[in-house]
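Enquirer: First, the structure itself, so that you have it in front of you.
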Amino acid sequence: MRRRHTDWDEAPKQATFSRAGIINRAEKIRAAVEEVTGSSDHLGVDAAFEETRSFVDTAFDIYEGKIESEQYGWVFAVPGRNETSQGNEYETEVTPFLPILSSVYGVDDKTRQHTTARLAPCVIETHKGRASMKGAVVWTPLYVNAATRLDTNLWRRFVVDNTAGIRHSVNRTAEFAAHRLGARVMGLGASIPSFTQLGKSIKQEGLITTTGHAGTVHLLNETVRHVVETRGTSEKTIGLLGAGSIGSSWAELHLLTDRKHRVSVYDRNHSQVDRLRRKVEQERVDVESHEFNVLESSDIIVSAINRTLDLDEMEYQTDRQISLQGKVIIDDSQPGAFDRKQVEARGGTLIWVVGQDTSDAQALHRPGGYSFGDTAGLHGKGAVWGCEAEVAAICLEDRLDLAVSSHVTHEMATNIGALCHSIGVEVARPLQSFGAPVQLNPES
């Protein structure tokens, strides 16, 4: 598709929302499909175009105040994860509301990223809620060049060049959440906390933000405990990739609540590892010199990094084969740091950090059925991300004082964990990753 429209290669400017721009692209995609296939409605392209146009028109009408929106107690702001190194798995986070961007019509990930970045902030799903209060999942149109996640220097350059524009887009989303949707609290999904100084750069009167990191740390710890109990093994060391805010807070929480284990950690930023060791019993933390060593030395590995680890590339660079036979990787990153196919090809099991609303009220169930992608989202009714559960719990339990706007601590995770339990959010059953269940056998 981009070969026909070379101007589509140009990266979009942040916070440049365009109704006409998206619809124009949709029209060109439909025309190209009809020209190439000789069919006036190949694979339902006409219906996909009309559904896309209808959604875009409604989204912009609400954003511009031409029609009124339902009102919500909380919103969960999510950007596209835009992963490119793991095939087309992530496209289905977009195609439920913009079906013309499906790969069946020749649309690649770059065209999809550039197009969705032009969409106005909009509601893509709701939470059932309880009584008169419910929540909404709000699309936050950021352009993130996912290819740069594979290279630290490229990613750093992208962040430097784009942070100001991304913050502007997030602030316009916050304004939309407060003025059009009436929200009191906005939860920050995926990469938004890292681009906004944990929400500090979001300036919207009357709207509280929360990073979601405490809910993530809580669910991560609960998932680790569940995996340890299910396996029934006696491993003493749990690996940790990433000693940043989430990784170090999880390690503190786990070492405090489980006296049997030690942690084997690697982080490119040595100061973060040193900071972690100062906070806990140093003799219970082993420092590794490479990701490979953590994967090799531990049977359960927690991944808390914001980049993609390509195992094929790692083997090539180290000239060593990676065996994950019987190992379990628990990946809290979104987009995922690990590719499930790569992990399973080496005998391992990949699990994402996912909760589930088990309450009778089903307050966090999404009535529209949106799952953040059939092939890279959530599996099962009531499945939720930890950051998603955090914002809902804070609002439903009226504990806005527990909103997280700084580096998460294990105390914050404990407090938010108690709120999650009170609204019925537990570790998802079955365990899962990439929108599909994961079978975890004892001593697997």
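Chain labels run A, B, ... following the order of the structure tokens; each chain numbers its residues from 1, and ligands are numbered from 1 in the order shown.
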Let's see if you can do this: from backbone DSSP, list all helix (DSSP H, G or I) residues in stretch 27-166 of chain A, as a VMD selection string.
Expert: chain A and resid 27 to 37 42 to 63 89 to 93 99 to 101 103 to 105 109 to 116 146 to 150 152 to 166
Enquirer: Report the closest atom pair, with its distance in Å rounded to one decimal, for each residue of stretch 220-281 of chain A that has an atom no farther than 12 Å from stretch 325-331 of chain A; count only C-alpha atoms, sort by chain and then rising residue number, and write it as JSON lines.
Expert:
```
{"residue": "A:Leu220", "atom": "CA", "partner": "A:Ile330", "partner_atom": "CA", "distance": 8.0}
{"residue": "A:Asn221", "atom": "CA", "partner": "A:Ile330", "partner_atom": "CA", "distance": 10.2}
{"residue": "A:Glu222", "atom": "CA", "partner": "A:Ile330", "partner_atom": "CA", "distance": 11.2}
{"residue": "A:Thr223", "atom": "CA", "partner": "A:Ile330", "partner_atom": "CA", "distance": 8.0}
{"residue": "A:Val224", "atom": "CA", "partner": "A:Ile330", "partner_atom": "CA", "distance": 7.6}
{"residue": "A:Arg225", "atom": "CA", "partner": "A:Ile330", "partner_atom": "CA", "distance": 11.3}
{"residue": "A:His226", "atom": "CA", "partner": "A:Ile330", "partner_atom": "CA", "distance": 11.2}
{"residue": "A:Val227", "atom": "CA", "partner": "A:Val328", "partner_atom": "CA", "distance": 8.3}
{"residue": "A:Val228", "atom": "CA", "partner": "A:Val328", "partner_atom": "CA", "distance": 9.9}
{"residue": "A:Thr230", "atom": "CA", "partner": "A:Val328", "partner_atom": "CA", "distance": 11.6}
{"residue": "A:Arg231", "atom": "CA", "partner": "A:Val328", "partner_atom": "CA", "distance": 9.9}
{"residue": "A:Thr233", "atom": "CA", "partner": "A:Gly326", "partner_atom": "CA", "distance": 11.2}
{"residue": "A:Glu235", "atom": "CA", "partner": "A:Lys327", "partner_atom": "CA", "distance": 11.0}
{"residue": "A:Ile238", "atom": "CA", "partner": "A:Ile329", "partner_atom": "CA", "distance": 10.1}
{"residue": "A:Gly239", "atom": "CA", "partner": "A:Ile329", "partner_atom": "CA", "distance": 9.0}
{"residue": "A:Leu240", "atom": "CA", "partner": "A:Ile330", "partner_atom": "CA", "distance": 9.6}
{"residue": "A:Leu241", "atom": "CA", "partner": "A:Asp331", "partner_atom": "CA", "distance": 9.5}
{"residue": "A:Gly242", "atom": "CA", "partner": "A:Asp331", "partner_atom": "CA", "distance": 10.9}
{"residue": "A:Ile246", "atom": "CA", "partner": "A:Asp331", "partner_atom": "CA", "distance": 11.6}
{"residue": "A:Gly247", "atom": "CA", "partner": "A:Asp331", "partner_atom": "CA", "distance": 10.8}
```
Enquirer: Would you mind exporting N, CA and C atoms of the selected residues as a short mmCIF file (atom, residue, chain, number, x, y, z; two decimals), in the first residue's frame?
Expert:
```
data_model
loop_
_atom_site.label_atom_id
_atom_site.label_comp_id
_atom_site.auth_asym_id
_atom_site.auth_seq_id
_atom_site.Cartn_x
_atom_site.Cartn_y
_atom_site.Cartn_z
N LEU A 220 1.70 -8.58 39.31
CA LEU A 220 2.93 -9.30 38.98
C LEU A 220 3.33 -10.20 40.14
N ASN A 221 3.30 -9.67 41.36
CA ASN A 221 3.67 -10.48 42.51
C ASN A 221 2.71 -11.64 42.72
N GLU A 222 1.42 -11.38 42.54
CA GLU A 222 0.42 -12.45 42.67
C GLU A 222 0.62 -13.53 41.61
N THR A 223 1.01 -13.10 40.40
CA THR A 223 1.25 -14.06 39.32
C THR A 223 2.47 -14.93 39.62
N VAL A 224 3.54 -14.30 40.12
CA VAL A 224 4.73 -15.06 40.50
C VAL A 224 4.38 -16.10 41.56
N ARG A 225 3.63 -15.69 42.56
CA ARG A 225 3.24 -16.62 43.63
C ARG A 225 2.42 -17.76 43.08
N HIS A 226 1.52 -17.46 42.17
CA HIS A 226 0.68 -18.51 41.58
C HIS A 226 1.53 -19.50 40.78
N VAL A 227 2.49 -18.97 40.02
CA VAL A 227 3.35 -19.85 39.22
C VAL A 227 4.20 -20.74 40.12
N VAL A 228 4.76 -20.17 41.18
CA VAL A 228 5.57 -20.96 42.12
C VAL A 228 4.74 -22.06 42.74
N THR A 230 1.91 -23.40 41.61
CA THR A 230 1.44 -24.36 40.61
C THR A 230 2.55 -25.33 40.21
N ARG A 231 3.75 -24.81 40.02
CA ARG A 231 4.87 -25.66 39.63
C ARG A 231 5.27 -26.62 40.74
N THR A 233 7.76 -26.55 42.61
CA THR A 233 9.19 -26.83 42.60
C THR A 233 9.90 -26.09 43.73
N GLU A 235 12.76 -24.17 43.40
CA GLU A 235 13.76 -23.21 42.94
C GLU A 235 13.93 -22.09 43.95
N ILE A 238 14.77 -16.41 41.55
CA ILE A 238 13.89 -15.91 40.50
C ILE A 238 14.65 -14.83 39.74
N GLY A 239 14.69 -14.94 38.42
CA GLY A 239 15.39 -13.97 37.59
C GLY A 239 14.59 -12.70 37.42
N LEU A 240 15.28 -11.59 37.26
CA LEU A 240 14.62 -10.30 37.03
C LEU A 240 15.37 -9.54 35.95
N LEU A 241 14.69 -9.23 34.88
CA LEU A 241 15.23 -8.38 33.83
C LEU A 241 14.62 -6.99 33.99
N GLY A 242 15.43 -6.03 34.40
CA GLY A 242 14.94 -4.67 34.58
C GLY A 242 14.77 -4.31 36.04
N ILE A 246 9.12 -0.50 38.25
CA ILE A 246 8.28 -1.68 38.45
C ILE A 246 9.10 -2.88 38.90
N GLY A 247 10.23 -3.13 38.22
CA GLY A 247 11.04 -4.30 38.56
C GLY A 247 11.56 -4.26 39.99
#
```
Enquirer: Measuring atom to atom with only C-alpha atoms, identify which of A:Asp258, A:Asp312, A:Glu388, A:Glu89 is nearest to A:Arg284.
Expert: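 Using only C-alpha atoms, the shortest distance to A:Arg284 belongs to A:Asp258.
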Enquirer: If we count only C-alpha atoms, what is near A:His421 at a cut-off of 10 Å, once residues fewer than 4 positions away on the same chain are taken out, given as a compact mmCIF listing (two decimals) with N, CA and C atoms, in the first residue's frame?
Expert:
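Below is the file that was written, part14.txt:
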```txt
# COMPACT_ATOMS: atom_id res chain seq x y z
N ASP A 357 -11.65 -9.84 36.68
CA ASP A 357 -12.74 -9.38 37.55
C ASP A 357 -13.64 -10.57 37.85
N THR A 358 -13.58 -11.05 39.08
CA THR A 358 -14.38 -12.21 39.49
C THR A 358 -15.61 -11.82 40.30
N SER A 359 -15.90 -10.53 40.38
CA SER A 359 -16.98 -10.06 41.24
C SER A 359 -18.35 -10.34 40.63
N ALA A 393 -10.32 0.56 40.48
CA ALA A 393 -10.43 0.33 41.92
C ALA A 393 -10.39 1.64 42.70
N ILE A 416 -2.86 -0.63 46.73
CA ILE A 416 -3.70 -0.83 45.54
C ILE A 416 -4.12 -2.29 45.43
N GLY A 417 -3.26 -3.20 45.86
CA GLY A 417 -3.63 -4.62 45.85
C GLY A 417 -4.84 -4.88 46.72
N VAL A 425 -10.75 -8.36 41.82
CA VAL A 425 -9.76 -8.62 40.78
C VAL A 425 -8.67 -9.55 41.33
N GLU A 426 -8.52 -10.70 40.69
CA GLU A 426 -7.52 -11.70 41.05
C GLU A 426 -6.68 -12.03 39.83
```
Enquirer: Calculate how many Å separate atom CA of A:Gly189 from atom CA of A:Val170, rounding to one decimal.
Expert: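 Computed distance, atom CA of A:Gly189 to atom CA of A:Val170, equals 11.2 Å.
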Enquirer: Report the distance between atom CA of A:Gln14 and atom CA of A:Ala389 in Å, rounded to one decimal place.
Expert: 28.0 Å
Enquirer: If you measure from atom CA of A:Ala174 to atom CA of A:Lys381, what distance in Å do you get, rounded to one decimal?
Expert: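 One can read the atom CA of A:Ala174 to atom CA of A:Lys381 distance as 27.9 Å.
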Enquirer: If you count only C-alpha atoms, which residues fall within 12 Å of A:Ser289, apart from same-chain ones fewer than 3 positions away, as a PDB file with N, CA and C atoms, in the first residue's frame?
Expert:
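File produced: out09.pdb:
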```
ATOM      1  N   LEU A 241      14.693  -9.233  34.877  1.00  0.00           N
ATOM      2  CA  LEU A 241      15.233  -8.376  33.828  1.00  0.00           C
ATOM      3  C   LEU A 241      14.625  -6.989  33.992  1.00  0.00           C
ATOM      4  N   SER A 264      17.947 -12.892  40.992  1.00  0.00           N
ATOM      5  CA  SER A 264      19.083 -12.724  40.099  1.00  0.00           C
ATOM      6  C   SER A 264      18.704 -11.662  39.078  1.00  0.00           C
ATOM      7  N   VAL A 265      19.414 -10.507  39.061  1.00  0.00           N
ATOM      8  CA  VAL A 265      18.934  -9.339  38.319  1.00  0.00           C
ATOM      9  C   VAL A 265      19.956  -8.854  37.306  1.00  0.00           C
ATOM     10  N   TYR A 266      19.430  -8.368  36.177  1.00  0.00           N
ATOM     11  CA  TYR A 266      20.257  -7.672  35.197  1.00  0.00           C
ATOM     12  C   TYR A 266      19.523  -6.416  34.746  1.00  0.00           C
ATOM     13  N   ASP A 267      20.252  -5.316  34.678  1.00  0.00           N
ATOM     14  CA  ASP A 267      19.747  -4.077  34.100  1.00  0.00           C
ATOM     15  C   ASP A 267      20.925  -3.359  33.469  1.00  0.00           C
ATOM     16  N   ARG A 268      20.722  -2.800  32.282  1.00  0.00           N
ATOM     17  CA  ARG A 268      21.794  -2.063  31.625  1.00  0.00           C
ATOM     18  C   ARG A 268      22.238  -0.858  32.447  1.00  0.00           C
ATOM     19  N   ASN A 269      21.309  -0.328  33.218  1.00  0.00           N
ATOM     20  CA  ASN A 269      21.613   0.811  34.086  1.00  0.00           C
ATOM     21  C   ASN A 269      22.061   0.272  35.443  1.00  0.00           C
ATOM     22  N   HIS A 270      23.374   0.231  35.663  1.00  0.00           N
ATOM     23  CA  HIS A 270      23.912  -0.380  36.879  1.00  0.00           C
ATOM     24  C   HIS A 270      23.482   0.365  38.136  1.00  0.00           C
ATOM     25  N   VAL A 273      20.388  -1.147  39.637  1.00  0.00           N
ATOM     26  CA  VAL A 273      20.661  -2.379  40.378  1.00  0.00           C
ATOM     27  C   VAL A 273      21.231  -2.040  41.754  1.00  0.00           C
ATOM     28  N   ASP A 286      21.532 -11.318  43.480  1.00  0.00           N
ATOM     29  CA  ASP A 286      22.700 -11.628  42.662  1.00  0.00           C
ATOM     30  C   ASP A 286      22.670 -10.743  41.418  1.00  0.00           C
ATOM     31  N   PHE A 292      21.328 -12.918  29.033  1.00  0.00           N
ATOM     32  CA  PHE A 292      21.536 -14.344  28.803  1.00  0.00           C
ATOM     33  C   PHE A 292      21.754 -15.075  30.129  1.00  0.00           C
ATOM     34  N   ASN A 293      22.555 -14.481  31.027  1.00  0.00           N
ATOM     35  CA  ASN A 293      22.875 -15.127  32.298  1.00  0.00           C
ATOM     36  C   ASN A 293      21.632 -15.303  33.169  1.00  0.00           C
ATOM     37  N   VAL A 294      20.720 -14.306  33.132  1.00  0.00           N
ATOM     38  CA  VAL A 294      19.481 -14.418  33.905  1.00  0.00           C
ATOM     39  C   VAL A 294      18.621 -15.539  33.344  1.00  0.00           C
ATOM     40  N   LEU A 295      18.496 -15.598  32.034  1.00  0.00           N
ATOM     41  CA  LEU A 295      17.698 -16.658  31.412  1.00  0.00           C
ATOM     42  C   LEU A 295      18.292 -18.030  31.705  1.00  0.00           C
ATOM     43  N   GLU A 296      19.595 -18.099  31.790  1.00  0.00           N
ATOM     44  CA  GLU A 296      20.268 -19.373  32.006  1.00  0.00           C
ATOM     45  C   GLU A 296      20.191 -19.835  33.457  1.00  0.00           C
ATOM     46  N   SER A 297      20.252 -18.897  34.405  1.00  0.00           N
ATOM     47  CA  SER A 297      20.405 -19.268  35.819  1.00  0.00           C
ATOM     48  C   SER A 297      19.092 -19.460  36.561  1.00  0.00           C
TER      49      SER A 297
END
```
Enquirer: Can you tell me which residues surround A:Ile22 at a distance of at most 10 Å, considering only C-alpha atoms, apart from same-chain residues fewer than 4 positions away, and format the answer as JSON, numbers by chain?
Expert: {"A": [17, 18, 26, 27, 28, 52, 53, 56, 98, 114, 115, 116, 117, 118, 119]}
Enquirer: Considering only C-alpha atoms, return as a tab-separated table (two decimals) with all heavy atoms, in the first residue's frame whatever protein or nucleic-acid residues lie within 9 Å of A:Phe55, sequence-local ones (same chain, fewer than 4 positions apart) excluded.
Expert:
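Written output follows (selection_38.tsv):
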```
chain	number	residue	atom	x	y	z
A	50	GLU	N	-17.01	1.58	5.27
A	50	GLU	CA	-18.15	2.30	5.86
A	50	GLU	C	-18.11	2.26	7.37
A	50	GLU	O	-18.41	3.26	8.04
A	50	GLU	CB	-19.46	1.69	5.35
A	50	GLU	CG	-19.71	1.91	3.86
A	50	GLU	CD	-19.81	3.38	3.47
A	50	GLU	OE1	-20.10	4.22	4.35
A	50	GLU	OE2	-19.60	3.70	2.28
A	51	GLU	N	-17.70	1.12	7.94
A	51	GLU	CA	-17.61	1.02	9.40
A	51	GLU	C	-16.51	1.94	9.93
A	51	GLU	O	-16.68	2.60	10.95
A	51	GLU	CB	-17.32	-0.43	9.79
A	51	GLU	CG	-17.37	-0.67	11.29
A	51	GLU	CD	-17.17	-2.13	11.66
A	51	GLU	OE1	-17.36	-3.01	10.78
A	51	GLU	OE2	-16.80	-2.40	12.83
A	59	ALA	N	-16.27	9.70	16.36
A	59	ALA	CA	-15.18	10.06	17.26
A	59	ALA	C	-14.88	11.55	17.20
A	59	ALA	O	-14.76	12.23	18.24
A	59	ALA	CB	-13.93	9.25	16.91
A	60	PHE	N	-14.78	12.09	16.01
A	60	PHE	CA	-14.46	13.51	15.87
A	60	PHE	C	-15.65	14.39	16.28
A	60	PHE	O	-15.45	15.48	16.83
A	60	PHE	CB	-14.02	13.83	14.44
A	60	PHE	CG	-12.56	13.59	14.20
A	60	PHE	CD1	-12.10	12.36	13.76
A	60	PHE	CD2	-11.63	14.59	14.45
A	60	PHE	CE1	-10.75	12.12	13.56
A	60	PHE	CE2	-10.26	14.37	14.25
A	60	PHE	CZ	-9.83	13.12	13.80
A	97	PHE	N	-12.21	-1.27	15.54
A	97	PHE	CA	-12.91	0.01	15.29
A	97	PHE	C	-12.46	0.70	14.00
A	97	PHE	O	-13.14	1.60	13.51
A	97	PHE	CB	-12.79	0.95	16.50
A	97	PHE	CG	-11.40	1.18	17.01
A	97	PHE	CD1	-10.65	2.26	16.58
A	97	PHE	CD2	-10.84	0.32	17.95
A	97	PHE	CE1	-9.38	2.49	17.06
A	97	PHE	CE2	-9.56	0.54	18.45
A	97	PHE	CZ	-8.82	1.62	18.00
A	98	LEU	N	-11.32	0.27	13.44
A	98	LEU	CA	-10.88	0.79	12.14
A	98	LEU	C	-10.56	-0.41	11.23
A	98	LEU	O	-9.40	-0.67	10.89
A	98	LEU	CB	-9.64	1.68	12.29
A	98	LEU	CG	-9.78	2.95	13.15
A	98	LEU	CD1	-8.44	3.67	13.28
A	98	LEU	CD2	-10.84	3.88	12.58
```
Enquirer: Please identify every residue of stretch 213-241 of chain A that has at least one atom no farther than 9 Å from an atom of stretch 402-413 of chain A, counting only C-alpha atoms, and for each give the shortest atom pair and the distance in Å to one decimal, arranged by chain then increasing number, as a tab-separated table.
Expert:
```
residue	atom	partner	partner_atom	distance
A:His213	CA	A:Val408	CA	6.2
A:Ala214	CA	A:Ala413	CA	4.2
A:Gly215	CA	A:Ala413	CA	6.2
A:Thr216	CA	A:Ala413	CA	8.0
A:Val217	CA	A:Ala413	CA	5.9
A:His218	CA	A:Ala413	CA	5.2
A:Leu219	CA	A:Ala413	CA	8.8
```
Enquirer: Could those residues be written to a file, using C-alpha atoms, as a short mmCIF file (atom, residue, chain, number, x, y, z; two decimals), in the first residue's frame?
Expert:
```
data_model
loop_
_atom_site.label_atom_id
_atom_site.label_comp_id
_atom_site.auth_asym_id
_atom_site.auth_seq_id
_atom_site.Cartn_x
_atom_site.Cartn_y
_atom_site.Cartn_z
CA HIS A 213 2.25 0.83 38.17
CA ALA A 214 1.02 -0.18 41.63
CA GLY A 215 -1.70 -2.37 40.16
CA THR A 216 0.88 -3.89 37.83
CA VAL A 217 3.36 -4.63 40.64
CA HIS A 218 0.60 -6.16 42.75
CA LEU A 219 -0.63 -8.43 39.96
#
```
Enquirer: I'd like the contact shell of A:Asp398 - 12 Å cut-off, only C-alpha atoms, skipping same-chain residues fewer than 2 positions apart - returned as an mmCIF file with C-alpha atoms, in the first residue's frame.
Expert:
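So the final result, stored in selection.cif, reads:
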```cif
data_model
loop_
_atom_site.group_PDB
_atom_site.id
_atom_site.type_symbol
_atom_site.label_atom_id
_atom_site.label_comp_id
_atom_site.auth_asym_id
_atom_site.auth_seq_id
_atom_site.Cartn_x
_atom_site.Cartn_y
_atom_site.Cartn_z
ATOM 1 C CA GLY A 73 -16.282 8.078 36.482
ATOM 2 C CA TRP A 74 -12.915 6.930 35.205
ATOM 3 C CA MET A 133 -20.554 4.956 37.796
ATOM 4 C CA ARG A 184 -12.605 12.179 37.687
ATOM 5 C CA VAL A 185 -9.617 9.864 37.239
ATOM 6 C CA GLU A 390 -5.823 0.266 39.424
ATOM 7 C CA VAL A 391 -7.772 3.202 38.013
ATOM 8 C CA ALA A 392 -11.108 1.382 38.329
ATOM 9 C CA ALA A 393 -10.430 0.328 41.921
ATOM 10 C CA ILE A 394 -9.391 3.830 42.966
ATOM 11 C CA CYS A 395 -12.587 5.280 41.535
ATOM 12 C CA LEU A 396 -15.031 2.547 42.576
ATOM 13 C CA LEU A 400 -8.501 8.982 44.930
ATOM 14 C CA ASP A 401 -5.881 9.668 47.598
ATOM 15 C CA LEU A 402 -4.143 6.432 46.540
ATOM 16 C CA ALA A 403 -3.590 7.553 42.948
ATOM 17 C CA LEU A 419 -8.393 -2.247 46.609
ATOM 18 C CA SER A 422 -12.046 -5.526 47.349
ATOM 19 C CA ILE A 423 -13.497 -5.171 43.832
#
```
Enquirer: For a quick check of understanding, using only C-alpha atoms, which of A:Leu207, A:Ile351, A:Val144, A:Ala131 has the smallest distance to A:Gly336?
Expert: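 Of all the options, A:Ile351 lies closest to A:Gly336.
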Enquirer: Run DSSP on the backbone and tell me which residues of stretch 68-277 of chain A come out as strand (DSSP E or B); list them as an MDAnalysis selection string.
Expert: chainID A and resid 74:78 122:130 133:139 185:188 208:210 237:241 262:266
Enquirer: Next, the residues of the selection above should be written as a short mmCIF file (atom, residue, chain, number, x, y, z; two decimals), in the first residue's frame with N, CA, C and O atoms.
Expert:
```cif
data_model
loop_
_atom_site.label_atom_id
_atom_site.label_comp_id
_atom_site.auth_asym_id
_atom_site.auth_seq_id
_atom_site.Cartn_x
_atom_site.Cartn_y
_atom_site.Cartn_z
N TRP A 74 -14.34 7.06 35.48
CA TRP A 74 -12.92 6.93 35.21
C TRP A 74 -12.69 6.60 33.74
O TRP A 74 -13.59 6.10 33.07
N VAL A 75 -11.49 6.88 33.26
CA VAL A 75 -11.09 6.46 31.93
C VAL A 75 -9.73 5.79 32.02
O VAL A 75 -8.90 6.13 32.87
N PHE A 76 -9.52 4.84 31.14
CA PHE A 76 -8.24 4.16 31.01
C PHE A 76 -7.67 4.55 29.66
O PHE A 76 -8.20 4.16 28.62
N ALA A 77 -6.62 5.39 29.67
CA ALA A 77 -6.06 5.93 28.43
C ALA A 77 -5.02 4.97 27.87
O ALA A 77 -4.06 4.60 28.55
N VAL A 78 -5.22 4.56 26.62
CA VAL A 78 -4.32 3.58 26.01
C VAL A 78 -3.84 4.07 24.65
O VAL A 78 -4.63 4.51 23.82
N CYS A 122 -10.75 9.20 21.70
CA CYS A 122 -12.13 8.69 21.58
C CYS A 122 -12.32 7.47 22.45
O CYS A 122 -11.37 6.78 22.83
N VAL A 123 -13.57 7.18 22.75
CA VAL A 123 -13.94 5.99 23.52
C VAL A 123 -13.99 4.79 22.57
O VAL A 123 -14.70 4.81 21.58
N ILE A 124 -13.21 3.75 22.89
CA ILE A 124 -13.23 2.54 22.07
C ILE A 124 -13.90 1.38 22.78
O ILE A 124 -14.18 0.35 22.16
N GLU A 125 -14.17 1.53 24.08
CA GLU A 125 -14.87 0.50 24.84
C GLU A 125 -15.26 1.09 26.19
O GLU A 125 -14.76 2.17 26.57
N THR A 126 -16.16 0.43 26.90
CA THR A 126 -16.56 0.89 28.22
C THR A 126 -16.39 -0.24 29.24
O THR A 126 -16.23 -1.40 28.87
N HIS A 127 -16.39 0.15 30.52
CA HIS A 127 -16.46 -0.82 31.61
C HIS A 127 -17.87 -0.76 32.18
O HIS A 127 -18.43 0.33 32.34
N LYS A 128 -18.41 -1.90 32.53
CA LYS A 128 -19.79 -1.98 33.01
C LYS A 128 -20.00 -1.10 34.24
O LYS A 128 -21.03 -0.45 34.39
N GLY A 129 -19.03 -1.09 35.16
CA GLY A 129 -19.14 -0.28 36.36
C GLY A 129 -20.19 -0.81 37.31
O GLY A 129 -20.63 -1.96 37.22
N ARG A 130 -20.60 0.04 38.22
CA ARG A 130 -21.67 -0.34 39.15
C ARG A 130 -22.42 0.91 39.58
O ARG A 130 -21.87 2.01 39.57
N MET A 133 -21.93 4.64 38.19
CA MET A 133 -20.55 4.96 37.80
C MET A 133 -19.97 3.85 36.93
O MET A 133 -19.96 2.67 37.31
N LYS A 134 -19.50 4.23 35.74
CA LYS A 134 -18.82 3.26 34.90
C LYS A 134 -17.59 3.90 34.28
O LYS A 134 -17.35 5.10 34.43
N GLY A 135 -16.80 3.08 33.60
CA GLY A 135 -15.55 3.57 33.04
C GLY A 135 -15.51 3.45 31.53
O GLY A 135 -16.38 2.84 30.91
N ALA A 136 -14.47 4.04 30.94
CA ALA A 136 -14.28 3.99 29.50
C ALA A 136 -12.82 3.73 29.18
O ALA A 136 -11.93 4.19 29.89
N VAL A 137 -12.60 3.00 28.10
CA VAL A 137 -11.26 2.84 27.53
C VAL A 137 -11.12 3.89 26.44
O VAL A 137 -11.92 3.93 25.50
N VAL A 138 -10.12 4.76 26.57
CA VAL A 138 -9.98 5.91 25.67
C VAL A 138 -8.71 5.77 24.84
O VAL A 138 -7.60 5.62 25.38
N TRP A 139 -8.90 5.80 23.52
CA TRP A 139 -7.77 5.75 22.60
C TRP A 139 -6.98 7.05 22.71
O TRP A 139 -7.54 8.14 22.62
N VAL A 185 -10.94 10.49 37.17
CA VAL A 185 -9.62 9.86 37.24
C VAL A 185 -9.26 9.31 35.87
O VAL A 185 -10.10 8.73 35.18
N MET A 186 -7.98 9.46 35.48
CA MET A 186 -7.50 8.86 34.23
C MET A 186 -6.32 7.95 34.53
O MET A 186 -5.31 8.38 35.08
N GLY A 187 -6.46 6.68 34.18
CA GLY A 187 -5.37 5.73 34.30
C GLY A 187 -4.51 5.78 33.05
O GLY A 187 -5.02 5.95 31.94
N LEU A 188 -3.21 5.61 33.23
CA LEU A 188 -2.26 5.74 32.13
C LEU A 188 -1.77 4.36 31.71
O LEU A 188 -1.13 3.65 32.49
N ILE A 208 -7.59 13.67 38.05
CA ILE A 208 -6.48 13.02 38.72
C ILE A 208 -5.95 11.91 37.82
O ILE A 208 -6.73 11.20 37.17
N THR A 209 -4.63 11.77 37.75
CA THR A 209 -4.06 10.68 36.96
C THR A 209 -3.38 9.67 37.88
O THR A 209 -2.93 10.00 38.98
N THR A 210 -3.32 8.43 37.41
CA THR A 210 -2.62 7.38 38.16
C THR A 210 -1.88 6.50 37.16
O THR A 210 -2.41 6.16 36.09
N THR A 237 15.96 -19.24 43.23
CA THR A 237 16.28 -17.96 42.60
C THR A 237 15.27 -17.63 41.50
O THR A 237 14.98 -18.47 40.65
N ILE A 238 14.77 -16.41 41.55
CA ILE A 238 13.89 -15.91 40.50
C ILE A 238 14.65 -14.83 39.74
O ILE A 238 15.25 -13.93 40.34
N GLY A 239 14.69 -14.94 38.42
CA GLY A 239 15.39 -13.97 37.59
C GLY A 239 14.59 -12.70 37.42
O GLY A 239 13.35 -12.72 37.43
N LEU A 240 15.28 -11.59 37.26
CA LEU A 240 14.62 -10.30 37.03
C LEU A 240 15.37 -9.54 35.95
O LEU A 240 16.57 -9.25 36.09
N LEU A 241 14.69 -9.23 34.88
CA LEU A 241 15.23 -8.38 33.83
C LEU A 241 14.62 -6.99 33.99
O LEU A 241 13.43 -6.80 33.79
N ARG A 262 15.67 -15.76 46.43
CA ARG A 262 16.59 -14.70 46.14
C ARG A 262 16.33 -14.26 44.70
O ARG A 262 15.60 -14.94 43.97
N VAL A 263 16.87 -13.14 44.31
CA VAL A 263 16.62 -12.58 42.98
C VAL A 263 17.94 -12.44 42.24
O VAL A 263 18.92 -11.91 42.78
N SER A 264 17.95 -12.89 40.99
CA SER A 264 19.08 -12.72 40.10
C SER A 264 18.70 -11.66 39.08
O SER A 264 17.77 -11.85 38.30
N VAL A 265 19.41 -10.51 39.06
CA VAL A 265 18.93 -9.34 38.32
C VAL A 265 19.96 -8.85 37.31
O VAL A 265 21.17 -8.90 37.54
N TYR A 266 19.43 -8.37 36.18
CA TYR A 266 20.26 -7.67 35.20
C TYR A 266 19.52 -6.42 34.75
O TYR A 266 18.32 -6.44 34.48
#
```
